[in-house]
Amino acid sequence: MQTSTETCPECRGCVRTRGTEAVCTECGLVVAEDGLDRGPEWRSFSDDDTDRKRTGAPLTRSRHDRGLTTEIGYKNSTVRLTGRKRRRMMRMRRQHNRARLSSKAERNRVYGFTEIRRLVGALQLSENVRDRACVLFESAQSEDLLRGRSIEGFAAAAVYATCRASAVSRTLDEIVERARAERTELTAAYDAVNRELGLPIGPIDPREYLPRFASRLDLSMTTERRAKRFVERAEEKHLVSGRNPSGVAAACLYAAARDCDERVTQRAAAEVADVTPVTLRSTYHDLQE
């Protein structure tokens with residue numbers, strides 16, 4: 001308790017500070033109130049000097065509990081547990097991990113989210129794609145679409161559908177190559193999600209593949225811009241409909257590279273797009289005509 005130099009505006013009495021309030025000692029009038037916490041903004045841990053934290057971990061949709069879980073740590077910098085206490089802590093950790101999952105549906109969601117995070121990391125996708133894919137997987141589970149189907153297939157389908165909806169250039173073969181599901185499982189899950197949930201997915205634009213393919217082929221920005229004009233020409237001639245979008249993008253890059261005097265073989269361009277050289281040559285000859 002501190003006494004201030006101020007006087008009470010009502011009775012001219014002495015004003016004392018109590019906590020966050022300035023109160024008159026004579027009539028009890030609250031003269032001022034300060035509700036601000038002027039303490040430190042970081043949490044108190046053992047490594048405050050090197051790693052101060054203002055808050056805890058942020059909420060995320062990629063966890064079944066939104067990231068609000070607690071964990072029993074394995075290290076203690078002050079006390080080393082041995083014997084009976086150590087075995088008791090191990091039992092507590094085991095029971096704690098079991099209590100985190102209350103149902104089989106929640107256990108399946110944890111497994112699906114884990115597979116989505118692994119697949120997103122393998123494909124080098126953003127956190128936005130990861131979170132949206134987890135939300136899509138949870139929506140499919142809520143609609144009871146996982147019954148009788150592969151969880152790995154639905155996780156891969158959620159990532160592929162999110163890439164399609166977010167205009168992220170990832171082909172089906174790229175996802176199948178890194179997924180733990182067969183191609184038939186992925187396509188069956190994707191068809192079910194697209195049919196039952198009504199995803200806003202349209203045809204793939206070949207322009208989405210141009211920056212990534214041009215980077216892998218080590219082509220210049222001039223060639224990439226010229227390839228975009230080739231794509232526009234292909235759309236005007238109705239050459240995109242019914243063709244593999246990645247193959248169209250590779251053919252346009254190959255044609256642009258020839259016009260810009262850059263050395264790119266048909267085989268190299270086809271391997272980048274994961275198509276055959278015959279597919280690339282067919283689109284390339286149509287563009288030349």
# chains A, B, ... in the order shown; residues from 1 in each chain; ligands from 1
$ select_by_dssp --residues "segment 133-282 of chain A" --states "alpha helix (DSSP H)" --output "number ranges by chain"
A: 133-142, 151-165, 172-178, 183-197, 210-216, 221-236, 245-259, 266-273, 277-282
$ residues_around --residues "Leu197 of chain A" --least-positions-apart "3" --cutoff "8 Å" --atoms "only C-alpha atoms" --output "NGL selection string"
:A and (140 or 193-194)
$ residues_around --residues "segment 224-229 of chain A" --least-positions-apart "6" --cutoff "7 Å" --atoms "only C-alpha atoms" --output "list of chain:residue names"
A:Arg207, A:Leu210, A:Ala214, A:Cys252, A:Leu253, A:Ala256
$ write_last_selection --atoms "C-alpha atoms" --output "PDB file, in the first residue's frame"
ATOM      1  CA  ARG A 207      -0.500 -21.772 -66.385  1.00  0.00           C
ATOM      2  CA  LEU A 210       4.599 -23.039 -65.813  1.00  0.00           C
ATOM      3  CA  ALA A 214      10.389 -23.508 -65.843  1.00  0.00           C
ATOM      4  CA  CYS A 252       4.228 -24.669 -74.353  1.00  0.00           C
ATOM      5  CA  LEU A 253       7.495 -24.358 -72.425  1.00  0.00           C
ATOM      6  CA  ALA A 256       8.835 -21.106 -76.014  1.00  0.00           C
TER       7      ALA A 256
END
$ residues_around --residues "Asp144 of chain A" --least-positions-apart "5" --cutoff "12 Å" --atoms "only C-alpha atoms" --output "list in words"
Ala105, Phe137, Glu138, Ser139, Arg149, Phe154, Ala192, Val193, Glu196 and Leu197 of chain A
$ residues_around --residues "Glu6 of chain A" --least-positions-apart "5" --cutoff "9 Å" --atoms "only C-alpha atoms" --output "PDB file with C-alpha atoms, in the first residue's frame"
ATOM      1  CA  ARG A  12      -9.865  16.456   0.594  1.00  0.00           C
ATOM      2  CA  GLY A  13      -8.712  13.355   2.443  1.00  0.00           C
ATOM      3  CA  CYS A  14      -5.595  11.283   1.933  1.00  0.00           C
ATOM      4  CA  VAL A  15      -5.530   8.953  -1.084  1.00  0.00           C
ATOM      5  CA  ARG A  16      -3.821   5.570  -0.846  1.00  0.00           C
TER       6      ARG A  16
END
$ residues_around --residues "Ala156 of chain A" --least-positions-apart "2" --cutoff "12 Å" --atoms "only C-alpha atoms" --output "number ranges by chain"
A: 112-120, 122-123, 130, 133-134, 136-137, 150-154, 158-163, 170-190, 193
$ write_last_selection --atoms "N, CA and C atoms" --output "compact mmCIF listing (two decimals), in the first residue's frame"
# COMPACT_ATOMS: atom_id res chain seq x y z
N GLY A 112 -5.31 -39.66 -39.58
CA GLY A 112 -5.46 -38.95 -40.85
C GLY A 112 -4.72 -37.63 -40.87
N PHE A 113 -4.80 -36.87 -39.77
CA PHE A 113 -4.09 -35.60 -39.70
C PHE A 113 -2.58 -35.81 -39.75
N THR A 114 -2.10 -36.86 -39.11
CA THR A 114 -0.67 -37.15 -39.15
C THR A 114 -0.21 -37.46 -40.57
N GLU A 115 -1.02 -38.23 -41.30
CA GLU A 115 -0.68 -38.53 -42.69
C GLU A 115 -0.73 -37.28 -43.57
N ILE A 116 -1.67 -36.40 -43.31
CA ILE A 116 -1.75 -35.15 -44.08
C ILE A 116 -0.53 -34.29 -43.83
N ARG A 117 -0.12 -34.17 -42.58
CA ARG A 117 1.08 -33.37 -42.27
C ARG A 117 2.32 -33.97 -42.92
N ARG A 118 2.43 -35.29 -42.91
CA ARG A 118 3.58 -35.93 -43.56
C ARG A 118 3.57 -35.69 -45.06
N LEU A 119 2.41 -35.82 -45.69
CA LEU A 119 2.30 -35.64 -47.13
C LEU A 119 2.55 -34.20 -47.53
N VAL A 120 2.04 -33.26 -46.75
CA VAL A 120 2.26 -31.84 -47.04
C VAL A 120 3.75 -31.50 -46.93
N ALA A 122 6.24 -33.63 -47.42
CA ALA A 122 6.94 -34.28 -48.53
C ALA A 122 6.74 -33.52 -49.83
N LEU A 123 5.58 -32.91 -50.00
CA LEU A 123 5.30 -32.14 -51.22
C LEU A 123 5.71 -30.68 -51.13
N ARG A 130 -2.13 -27.30 -45.62
CA ARG A 130 -2.20 -28.32 -44.57
C ARG A 130 -3.46 -28.16 -43.73
N ALA A 133 -6.66 -28.91 -45.76
CA ALA A 133 -6.79 -30.34 -46.01
C ALA A 133 -7.30 -31.06 -44.76
N CYS A 134 -6.84 -30.65 -43.59
CA CYS A 134 -7.33 -31.26 -42.34
C CYS A 134 -8.80 -30.94 -42.11
N LEU A 136 -10.98 -30.40 -44.47
CA LEU A 136 -11.71 -31.20 -45.45
C LEU A 136 -11.81 -32.66 -44.99
N PHE A 137 -10.73 -33.19 -44.44
CA PHE A 137 -10.77 -34.57 -43.92
C PHE A 137 -11.77 -34.69 -42.78
N SER A 150 -10.20 -46.34 -47.19
CA SER A 150 -8.86 -46.21 -46.62
C SER A 150 -8.65 -44.82 -46.04
N ILE A 151 -8.12 -44.75 -44.82
CA ILE A 151 -7.82 -43.46 -44.21
C ILE A 151 -6.68 -42.78 -44.96
N GLU A 152 -5.67 -43.57 -45.36
CA GLU A 152 -4.55 -43.00 -46.13
C GLU A 152 -5.05 -42.43 -47.46
N GLY A 153 -5.99 -43.13 -48.09
CA GLY A 153 -6.54 -42.62 -49.34
C GLY A 153 -7.30 -41.33 -49.17
N PHE A 154 -8.06 -41.20 -48.07
CA PHE A 154 -8.80 -39.96 -47.83
C PHE A 154 -7.85 -38.82 -47.47
N ALA A 158 -7.68 -35.53 -49.65
CA ALA A 158 -7.89 -34.20 -49.07
C ALA A 158 -6.79 -33.24 -49.50
N VAL A 159 -5.55 -33.72 -49.53
CA VAL A 159 -4.45 -32.86 -49.97
C VAL A 159 -4.60 -32.51 -51.45
N TYR A 160 -4.95 -33.50 -52.28
CA TYR A 160 -5.10 -33.25 -53.71
C TYR A 160 -6.27 -32.30 -53.98
N ALA A 161 -7.39 -32.51 -53.30
CA ALA A 161 -8.55 -31.63 -53.50
C ALA A 161 -8.25 -30.21 -53.05
N THR A 162 -7.51 -30.06 -51.96
CA THR A 162 -7.14 -28.72 -51.49
C THR A 162 -6.21 -28.03 -52.48
N CYS A 163 -5.28 -28.79 -53.05
CA CYS A 163 -4.41 -28.20 -54.09
C CYS A 163 -5.21 -27.77 -55.30
N ARG A 170 -0.03 -29.28 -58.31
CA ARG A 170 0.47 -30.60 -57.94
C ARG A 170 -0.35 -31.63 -58.71
N THR A 171 0.33 -32.47 -59.46
CA THR A 171 -0.36 -33.47 -60.25
C THR A 171 -0.78 -34.65 -59.38
N LEU A 172 -1.68 -35.44 -59.92
CA LEU A 172 -2.14 -36.63 -59.19
C LEU A 172 -1.01 -37.64 -59.04
N ASP A 173 -0.16 -37.75 -60.05
CA ASP A 173 0.95 -38.71 -59.97
C ASP A 173 1.95 -38.30 -58.89
N GLU A 174 2.18 -37.01 -58.71
CA GLU A 174 3.10 -36.56 -57.66
C GLU A 174 2.59 -36.92 -56.28
N ILE A 175 1.29 -36.79 -56.07
CA ILE A 175 0.73 -37.12 -54.76
C ILE A 175 0.71 -38.63 -54.55
N VAL A 176 0.38 -39.39 -55.60
CA VAL A 176 0.37 -40.84 -55.47
C VAL A 176 1.77 -41.37 -55.17
N GLU A 177 2.79 -40.73 -55.75
CA GLU A 177 4.16 -41.18 -55.55
C GLU A 177 4.59 -41.07 -54.08
N ARG A 178 4.08 -40.07 -53.36
CA ARG A 178 4.49 -39.84 -51.98
C ARG A 178 3.46 -40.29 -50.96
N ALA A 179 2.27 -40.68 -51.42
CA ALA A 179 1.23 -41.11 -50.50
C ALA A 179 1.41 -42.57 -50.12
N ARG A 180 0.76 -42.95 -49.04
CA ARG A 180 0.77 -44.34 -48.58
C ARG A 180 -0.47 -45.09 -49.03
N ALA A 181 -1.10 -44.60 -50.07
CA ALA A 181 -2.30 -45.21 -50.62
C ALA A 181 -2.10 -45.47 -52.11
N GLU A 182 -2.84 -46.45 -52.61
CA GLU A 182 -2.80 -46.75 -54.04
C GLU A 182 -3.58 -45.68 -54.82
N ARG A 183 -3.33 -45.66 -56.11
CA ARG A 183 -4.01 -44.68 -56.95
C ARG A 183 -5.52 -44.89 -56.95
N THR A 184 -5.95 -46.15 -56.95
CA THR A 184 -7.39 -46.43 -56.94
C THR A 184 -8.03 -45.96 -55.64
N GLU A 185 -7.33 -46.11 -54.51
CA GLU A 185 -7.87 -45.64 -53.23
C GLU A 185 -7.99 -44.12 -53.22
N LEU A 186 -6.99 -43.45 -53.77
CA LEU A 186 -7.02 -41.99 -53.80
C LEU A 186 -8.16 -41.47 -54.68
N THR A 187 -8.28 -42.04 -55.88
CA THR A 187 -9.33 -41.56 -56.80
C THR A 187 -10.72 -41.87 -56.27
N ALA A 188 -10.89 -43.03 -55.62
CA ALA A 188 -12.20 -43.36 -55.05
C ALA A 188 -12.56 -42.38 -53.93
N ALA A 189 -11.60 -42.07 -53.07
CA ALA A 189 -11.85 -41.11 -51.99
C ALA A 189 -12.10 -39.71 -52.55
N TYR A 190 -11.33 -39.32 -53.56
CA TYR A 190 -11.51 -37.98 -54.14
C TYR A 190 -12.89 -37.86 -54.80
N VAL A 193 -15.48 -37.43 -52.00
CA VAL A 193 -15.44 -36.10 -51.39
C VAL A 193 -16.01 -35.07 -52.34
$ residues_around --residues "segment 231-235 of chain A" --least-positions-apart "2" --cutoff "12 Å" --atoms "only C-alpha atoms" --output "PDB file with N, CA and C atoms, in the first residue's frame"
ATOM      1  N   ASP A 205      -5.777 -25.170 -64.783  1.00  0.00           N
ATOM      2  CA  ASP A 205      -5.199 -24.223 -65.724  1.00  0.00           C
ATOM      3  C   ASP A 205      -3.735 -24.594 -65.964  1.00  0.00           C
ATOM      4  N   PRO A 206      -3.324 -24.816 -67.216  1.00  0.00           N
ATOM      5  CA  PRO A 206      -1.907 -25.152 -67.466  1.00  0.00           C
ATOM      6  C   PRO A 206      -0.932 -24.074 -67.006  1.00  0.00           C
ATOM      7  N   ARG A 207      -1.398 -22.836 -66.844  1.00  0.00           N
ATOM      8  CA  ARG A 207      -0.500 -21.772 -66.385  1.00  0.00           C
ATOM      9  C   ARG A 207       0.017 -22.027 -64.970  1.00  0.00           C
ATOM     10  N   GLU A 208      -0.729 -22.783 -64.177  1.00  0.00           N
ATOM     11  CA  GLU A 208      -0.298 -23.060 -62.808  1.00  0.00           C
ATOM     12  C   GLU A 208       1.002 -23.858 -62.770  1.00  0.00           C
ATOM     13  N   TYR A 209       1.270 -24.644 -63.802  1.00  0.00           N
ATOM     14  CA  TYR A 209       2.471 -25.482 -63.814  1.00  0.00           C
ATOM     15  C   TYR A 209       3.689 -24.762 -64.380  1.00  0.00           C
ATOM     16  N   LEU A 210       3.485 -23.664 -65.095  1.00  0.00           N
ATOM     17  CA  LEU A 210       4.599 -23.039 -65.813  1.00  0.00           C
ATOM     18  C   LEU A 210       5.737 -22.591 -64.897  1.00  0.00           C
ATOM     19  N   GLU A 224       9.347 -18.165 -69.893  1.00  0.00           N
ATOM     20  CA  GLU A 224       8.109 -18.435 -69.157  1.00  0.00           C
ATOM     21  C   GLU A 224       6.975 -17.530 -69.626  1.00  0.00           C
ATOM     22  N   ARG A 225       7.265 -16.252 -69.842  1.00  0.00           N
ATOM     23  CA  ARG A 225       6.213 -15.336 -70.325  1.00  0.00           C
ATOM     24  C   ARG A 225       5.758 -15.724 -71.730  1.00  0.00           C
ATOM     25  N   ARG A 226       6.692 -16.149 -72.566  1.00  0.00           N
ATOM     26  CA  ARG A 226       6.312 -16.580 -73.910  1.00  0.00           C
ATOM     27  C   ARG A 226       5.481 -17.860 -73.846  1.00  0.00           C
ATOM     28  N   ALA A 227       5.785 -18.731 -72.891  1.00  0.00           N
ATOM     29  CA  ALA A 227       5.000 -19.948 -72.735  1.00  0.00           C
ATOM     30  C   ALA A 227       3.563 -19.629 -72.328  1.00  0.00           C
ATOM     31  N   LYS A 228       3.377 -18.587 -71.529  1.00  0.00           N
ATOM     32  CA  LYS A 228       2.016 -18.186 -71.172  1.00  0.00           C
ATOM     33  C   LYS A 228       1.231 -17.745 -72.413  1.00  0.00           C
ATOM     34  N   ARG A 229       1.893 -17.078 -73.341  1.00  0.00           N
ATOM     35  CA  ARG A 229       1.209 -16.690 -74.577  1.00  0.00           C
ATOM     36  C   ARG A 229       0.867 -17.920 -75.415  1.00  0.00           C
ATOM     37  N   LYS A 237      -7.466 -21.993 -79.635  1.00  0.00           N
ATOM     38  CA  LYS A 237      -7.659 -23.048 -80.635  1.00  0.00           C
ATOM     39  C   LYS A 237      -8.340 -24.286 -80.051  1.00  0.00           C
ATOM     40  N   HIS A 238      -8.744 -24.207 -78.773  1.00  0.00           N
ATOM     41  CA  HIS A 238      -9.435 -25.303 -78.085  1.00  0.00           C
ATOM     42  C   HIS A 238      -8.564 -26.561 -78.054  1.00  0.00           C
ATOM     43  N   LEU A 239      -7.277 -26.366 -77.786  1.00  0.00           N
ATOM     44  CA  LEU A 239      -6.352 -27.487 -77.688  1.00  0.00           C
ATOM     45  C   LEU A 239      -6.170 -27.976 -76.249  1.00  0.00           C
ATOM     46  N   VAL A 240      -6.702 -27.244 -75.278  1.00  0.00           N
ATOM     47  CA  VAL A 240      -6.510 -27.614 -73.871  1.00  0.00           C
ATOM     48  C   VAL A 240      -7.540 -28.634 -73.422  1.00  0.00           C
ATOM     49  N   SER A 241      -8.744 -28.539 -73.947  1.00  0.00           N
ATOM     50  CA  SER A 241      -9.820 -29.441 -73.519  1.00  0.00           C
ATOM     51  C   SER A 241      -9.483 -30.878 -73.907  1.00  0.00           C
ATOM     52  N   GLY A 242      -9.637 -31.763 -72.927  1.00  0.00           N
ATOM     53  CA  GLY A 242      -9.390 -33.171 -73.171  1.00  0.00           C
ATOM     54  C   GLY A 242      -7.940 -33.584 -73.128  1.00  0.00           C
ATOM     55  N   ARG A 243      -7.033 -32.672 -72.793  1.00  0.00           N
ATOM     56  CA  ARG A 243      -5.609 -32.985 -72.728  1.00  0.00           C
ATOM     57  C   ARG A 243      -5.119 -32.857 -71.291  1.00  0.00           C
ATOM     58  N   PRO A 245      -3.284 -31.220 -68.519  1.00  0.00           N
ATOM     59  CA  PRO A 245      -2.809 -29.835 -68.353  1.00  0.00           C
ATOM     60  C   PRO A 245      -1.295 -29.740 -68.175  1.00  0.00           C
ATOM     61  N   SER A 246      -0.697 -30.674 -67.443  1.00  0.00           N
ATOM     62  CA  SER A 246       0.754 -30.626 -67.278  1.00  0.00           C
ATOM     63  C   SER A 246       1.467 -30.878 -68.592  1.00  0.00           C
ATOM     64  N   GLY A 247       0.903 -31.747 -69.453  1.00  0.00           N
ATOM     65  CA  GLY A 247       1.496 -31.970 -70.768  1.00  0.00           C
ATOM     66  C   GLY A 247       1.386 -30.743 -71.651  1.00  0.00           C
ATOM     67  N   VAL A 248       0.258 -30.030 -71.571  1.00  0.00           N
ATOM     68  CA  VAL A 248       0.111 -28.790 -72.336  1.00  0.00           C
ATOM     69  C   VAL A 248       1.125 -27.743 -71.873  1.00  0.00           C
ATOM     70  N   ALA A 249       1.313 -27.646 -70.551  1.00  0.00           N
ATOM     71  CA  ALA A 249       2.287 -26.687 -70.022  1.00  0.00           C
ATOM     72  C   ALA A 249       3.697 -27.033 -70.472  1.00  0.00           C
ATOM     73  N   ALA A 250       4.053 -28.318 -70.458  1.00  0.00           N
ATOM     74  CA  ALA A 250       5.387 -28.726 -70.893  1.00  0.00           C
ATOM     75  C   ALA A 250       5.590 -28.454 -72.375  1.00  0.00           C
ATOM     76  N   ALA A 251       4.568 -28.704 -73.201  1.00  0.00           N
ATOM     77  CA  ALA A 251       4.684 -28.441 -74.635  1.00  0.00           C
ATOM     78  C   ALA A 251       4.835 -26.946 -74.910  1.00  0.00           C
ATOM     79  N   CYS A 252       4.103 -26.114 -74.164  1.00  0.00           N
ATOM     80  CA  CYS A 252       4.228 -24.669 -74.353  1.00  0.00           C
ATOM     81  C   CYS A 252       5.606 -24.175 -73.922  1.00  0.00           C
ATOM     82  N   LEU A 253       6.147 -24.735 -72.840  1.00  0.00           N
ATOM     83  CA  LEU A 253       7.495 -24.358 -72.425  1.00  0.00           C
ATOM     84  C   LEU A 253       8.530 -24.804 -73.450  1.00  0.00           C
ATOM     85  N   TYR A 254       8.347 -25.970 -74.021  1.00  0.00           N
ATOM     86  CA  TYR A 254       9.294 -26.452 -75.029  1.00  0.00           C
ATOM     87  C   TYR A 254       9.257 -25.567 -76.271  1.00  0.00           C
ATOM     88  N   ALA A 255       8.032 -25.195 -76.691  1.00  0.00           N
ATOM     89  CA  ALA A 255       7.916 -24.313 -77.846  1.00  0.00           C
ATOM     90  C   ALA A 255       8.510 -22.940 -77.564  1.00  0.00           C
ATOM     91  N   ALA A 256       8.282 -22.416 -76.367  1.00  0.00           N
ATOM     92  CA  ALA A 256       8.835 -21.106 -76.014  1.00  0.00           C
ATOM     93  C   ALA A 256      10.355 -21.164 -75.927  1.00  0.00           C
ATOM     94  N   THR A 283       0.994 -32.243 -78.712  1.00  0.00           N
ATOM     95  CA  THR A 283       0.547 -30.873 -78.416  1.00  0.00           C
ATOM     96  C   THR A 283       1.428 -29.838 -79.079  1.00  0.00           C
ATOM     97  N   TYR A 284       2.714 -30.103 -79.152  1.00  0.00           N
ATOM     98  CA  TYR A 284       3.653 -29.161 -79.772  1.00  0.00           C
ATOM     99  C   TYR A 284       3.341 -28.999 -81.261  1.00  0.00           C
ATOM    100  N   HIS A 285       3.077 -30.095 -81.977  1.00  0.00           N
ATOM    101  CA  HIS A 285       2.761 -29.996 -83.409  1.00  0.00           C
ATOM    102  C   HIS A 285       1.434 -29.276 -83.634  1.00  0.00           C
ATOM    103  N   ASP A 286       0.466 -29.491 -82.745  1.00  0.00           N
ATOM    104  CA  ASP A 286      -0.797 -28.768 -82.871  1.00  0.00           C
ATOM    105  C   ASP A 286      -0.597 -27.274 -82.676  1.00  0.00           C
ATOM    106  N   LEU A 287       0.294 -26.901 -81.751  1.00  0.00           N
ATOM    107  CA  LEU A 287       0.576 -25.484 -81.554  1.00  0.00           C
ATOM    108  C   LEU A 287       1.250 -24.878 -82.788  1.00  0.00           C
ATOM    109  N   GLN A 288       2.162 -25.620 -83.396  1.00  0.00           N
ATOM    110  CA  GLN A 288       2.855 -25.095 -84.566  1.00  0.00           C
ATOM    111  C   GLN A 288       1.918 -24.921 -85.749  1.00  0.00           C
ATOM    112  N   GLU A 289       0.935 -25.815 -85.841  1.00  0.00           N
ATOM    113  CA  GLU A 289      -0.029 -25.702 -86.951  1.00  0.00           C
ATOM    114  C   GLU A 289      -0.950 -24.502 -86.769  1.00  0.00           C
TER     115      GLU A 289
END
$ closest_residue --among "A:Val135, A:Val129, A:Leu29, A:Ala165" --to "Ile201 of chain A" --atoms "only C-alpha atoms"
A:Ala165
$ atom_distance --atom1 "atom CA of Gly73 of chain A" --atom2 "atom CA of Leu101 of chain A"
18.7 Å
$ closest_residue --among "A:Ser103, A:Val272, A:Pro200, A:Arg195" --to "Ser215 of chain A" --atoms "only C-alpha atoms"
A:Val272
$ decode --residues "segment 176-184 of chain A" --atoms "all heavy atoms" --output "PDB file, in the first residue's frame"
ATOM      1  N   VAL A 176       0.379 -39.390 -55.597  1.00  0.00           N
ATOM      2  CA  VAL A 176       0.374 -40.843 -55.475  1.00  0.00           C
ATOM      3  C   VAL A 176       1.774 -41.366 -55.173  1.00  0.00           C
ATOM      4  O   VAL A 176       1.952 -42.328 -54.412  1.00  0.00           O
ATOM      5  CB  VAL A 176      -0.184 -41.476 -56.763  1.00  0.00           C
ATOM      6  CG1 VAL A 176       0.017 -42.981 -56.770  1.00  0.00           C
ATOM      7  CG2 VAL A 176      -1.662 -41.154 -56.910  1.00  0.00           C
ATOM      8  N   GLU A 177       2.787 -40.728 -55.750  1.00  0.00           N
ATOM      9  CA  GLU A 177       4.163 -41.177 -55.545  1.00  0.00           C
ATOM     10  C   GLU A 177       4.586 -41.070 -54.083  1.00  0.00           C
ATOM     11  O   GLU A 177       5.369 -41.886 -53.591  1.00  0.00           O
ATOM     12  CB  GLU A 177       5.100 -40.352 -56.424  1.00  0.00           C
ATOM     13  CG  GLU A 177       6.564 -40.747 -56.324  1.00  0.00           C
ATOM     14  CD  GLU A 177       7.444 -39.879 -57.196  1.00  0.00           C
ATOM     15  OE1 GLU A 177       6.909 -39.014 -57.931  1.00  0.00           O
ATOM     16  OE2 GLU A 177       8.682 -40.045 -57.133  1.00  0.00           O
ATOM     17  N   ARG A 178       4.082 -40.068 -53.362  1.00  0.00           N
ATOM     18  CA  ARG A 178       4.491 -39.839 -51.980  1.00  0.00           C
ATOM     19  C   ARG A 178       3.456 -40.291 -50.963  1.00  0.00           C
ATOM     20  O   ARG A 178       3.722 -40.228 -49.763  1.00  0.00           O
ATOM     21  CB  ARG A 178       4.811 -38.359 -51.779  1.00  0.00           C
ATOM     22  CG  ARG A 178       6.040 -37.901 -52.561  1.00  0.00           C
ATOM     23  CD  ARG A 178       6.162 -36.386 -52.563  1.00  0.00           C
ATOM     24  NE  ARG A 178       7.382 -35.949 -53.220  1.00  0.00           N
ATOM     25  CZ  ARG A 178       7.519 -35.838 -54.527  1.00  0.00           C
ATOM     26  NH1 ARG A 178       6.497 -36.136 -55.321  1.00  0.00           N
ATOM     27  NH2 ARG A 178       8.661 -35.438 -55.059  1.00  0.00           N
ATOM     28  N   ALA A 179       2.274 -40.678 -51.421  1.00  0.00           N
ATOM     29  CA  ALA A 179       1.226 -41.106 -50.497  1.00  0.00           C
ATOM     30  C   ALA A 179       1.408 -42.568 -50.119  1.00  0.00           C
ATOM     31  O   ALA A 179       2.113 -43.329 -50.792  1.00  0.00           O
ATOM     32  CB  ALA A 179      -0.154 -40.882 -51.119  1.00  0.00           C
ATOM     33  N   ARG A 180       0.760 -42.952 -49.036  1.00  0.00           N
ATOM     34  CA  ARG A 180       0.772 -44.340 -48.580  1.00  0.00           C
ATOM     35  C   ARG A 180      -0.474 -45.085 -49.033  1.00  0.00           C
ATOM     36  O   ARG A 180      -0.850 -46.085 -48.426  1.00  0.00           O
ATOM     37  CB  ARG A 180       0.876 -44.380 -47.061  1.00  0.00           C
ATOM     38  CG  ARG A 180       2.223 -43.888 -46.528  1.00  0.00           C
ATOM     39  CD  ARG A 180       2.232 -43.841 -45.029  1.00  0.00           C
ATOM     40  NE  ARG A 180       3.543 -43.414 -44.524  1.00  0.00           N
ATOM     41  CZ  ARG A 180       3.799 -43.117 -43.260  1.00  0.00           C
ATOM     42  NH1 ARG A 180       2.821 -43.217 -42.361  1.00  0.00           N
ATOM     43  NH2 ARG A 180       4.992 -42.729 -42.886  1.00  0.00           N
ATOM     44  N   ALA A 181      -1.096 -44.595 -50.075  1.00  0.00           N
ATOM     45  CA  ALA A 181      -2.300 -45.214 -50.623  1.00  0.00           C
ATOM     46  C   ALA A 181      -2.099 -45.471 -52.111  1.00  0.00           C
ATOM     47  O   ALA A 181      -1.304 -44.807 -52.771  1.00  0.00           O
ATOM     48  CB  ALA A 181      -3.518 -44.305 -50.403  1.00  0.00           C
ATOM     49  N   GLU A 182      -2.836 -46.449 -52.614  1.00  0.00           N
ATOM     50  CA  GLU A 182      -2.797 -46.748 -54.040  1.00  0.00           C
ATOM     51  C   GLU A 182      -3.577 -45.682 -54.821  1.00  0.00           C
ATOM     52  O   GLU A 182      -4.375 -44.931 -54.260  1.00  0.00           O
ATOM     53  CB  GLU A 182      -3.393 -48.130 -54.308  1.00  0.00           C
ATOM     54  CG  GLU A 182      -2.669 -49.266 -53.601  1.00  0.00           C
ATOM     55  CD  GLU A 182      -1.263 -49.459 -54.134  1.00  0.00           C
ATOM     56  OE1 GLU A 182      -1.008 -49.081 -55.296  1.00  0.00           O
ATOM     57  OE2 GLU A 182      -0.427 -50.001 -53.390  1.00  0.00           O
ATOM     58  N   ARG A 183      -3.328 -45.656 -56.114  1.00  0.00           N
ATOM     59  CA  ARG A 183      -4.008 -44.679 -56.955  1.00  0.00           C
ATOM     60  C   ARG A 183      -5.518 -44.889 -56.947  1.00  0.00           C
ATOM     61  O   ARG A 183      -6.288 -43.921 -56.928  1.00  0.00           O
ATOM     62  CB  ARG A 183      -3.461 -44.765 -58.385  1.00  0.00           C
ATOM     63  CG  ARG A 183      -3.966 -43.652 -59.311  1.00  0.00           C
ATOM     64  CD  ARG A 183      -3.506 -43.884 -60.738  1.00  0.00           C
ATOM     65  NE  ARG A 183      -3.887 -42.783 -61.593  1.00  0.00           N
ATOM     66  CZ  ARG A 183      -3.103 -41.748 -61.875  1.00  0.00           C
ATOM     67  NH1 ARG A 183      -1.882 -41.695 -61.366  1.00  0.00           N
ATOM     68  NH2 ARG A 183      -3.525 -40.787 -62.667  1.00  0.00           N
ATOM     69  N   THR A 184      -5.947 -46.153 -56.953  1.00  0.00           N
ATOM     70  CA  THR A 184      -7.391 -46.435 -56.935  1.00  0.00           C
ATOM     71  C   THR A 184      -8.031 -45.958 -55.641  1.00  0.00           C
ATOM     72  O   THR A 184      -9.165 -45.456 -55.652  1.00  0.00           O
ATOM     73  CB  THR A 184      -7.621 -47.938 -57.121  1.00  0.00           C
ATOM     74  OG1 THR A 184      -6.875 -48.663 -56.118  1.00  0.00           O
ATOM     75  CG2 THR A 184      -7.167 -48.392 -58.495  1.00  0.00           C
TER      76      THR A 184
END
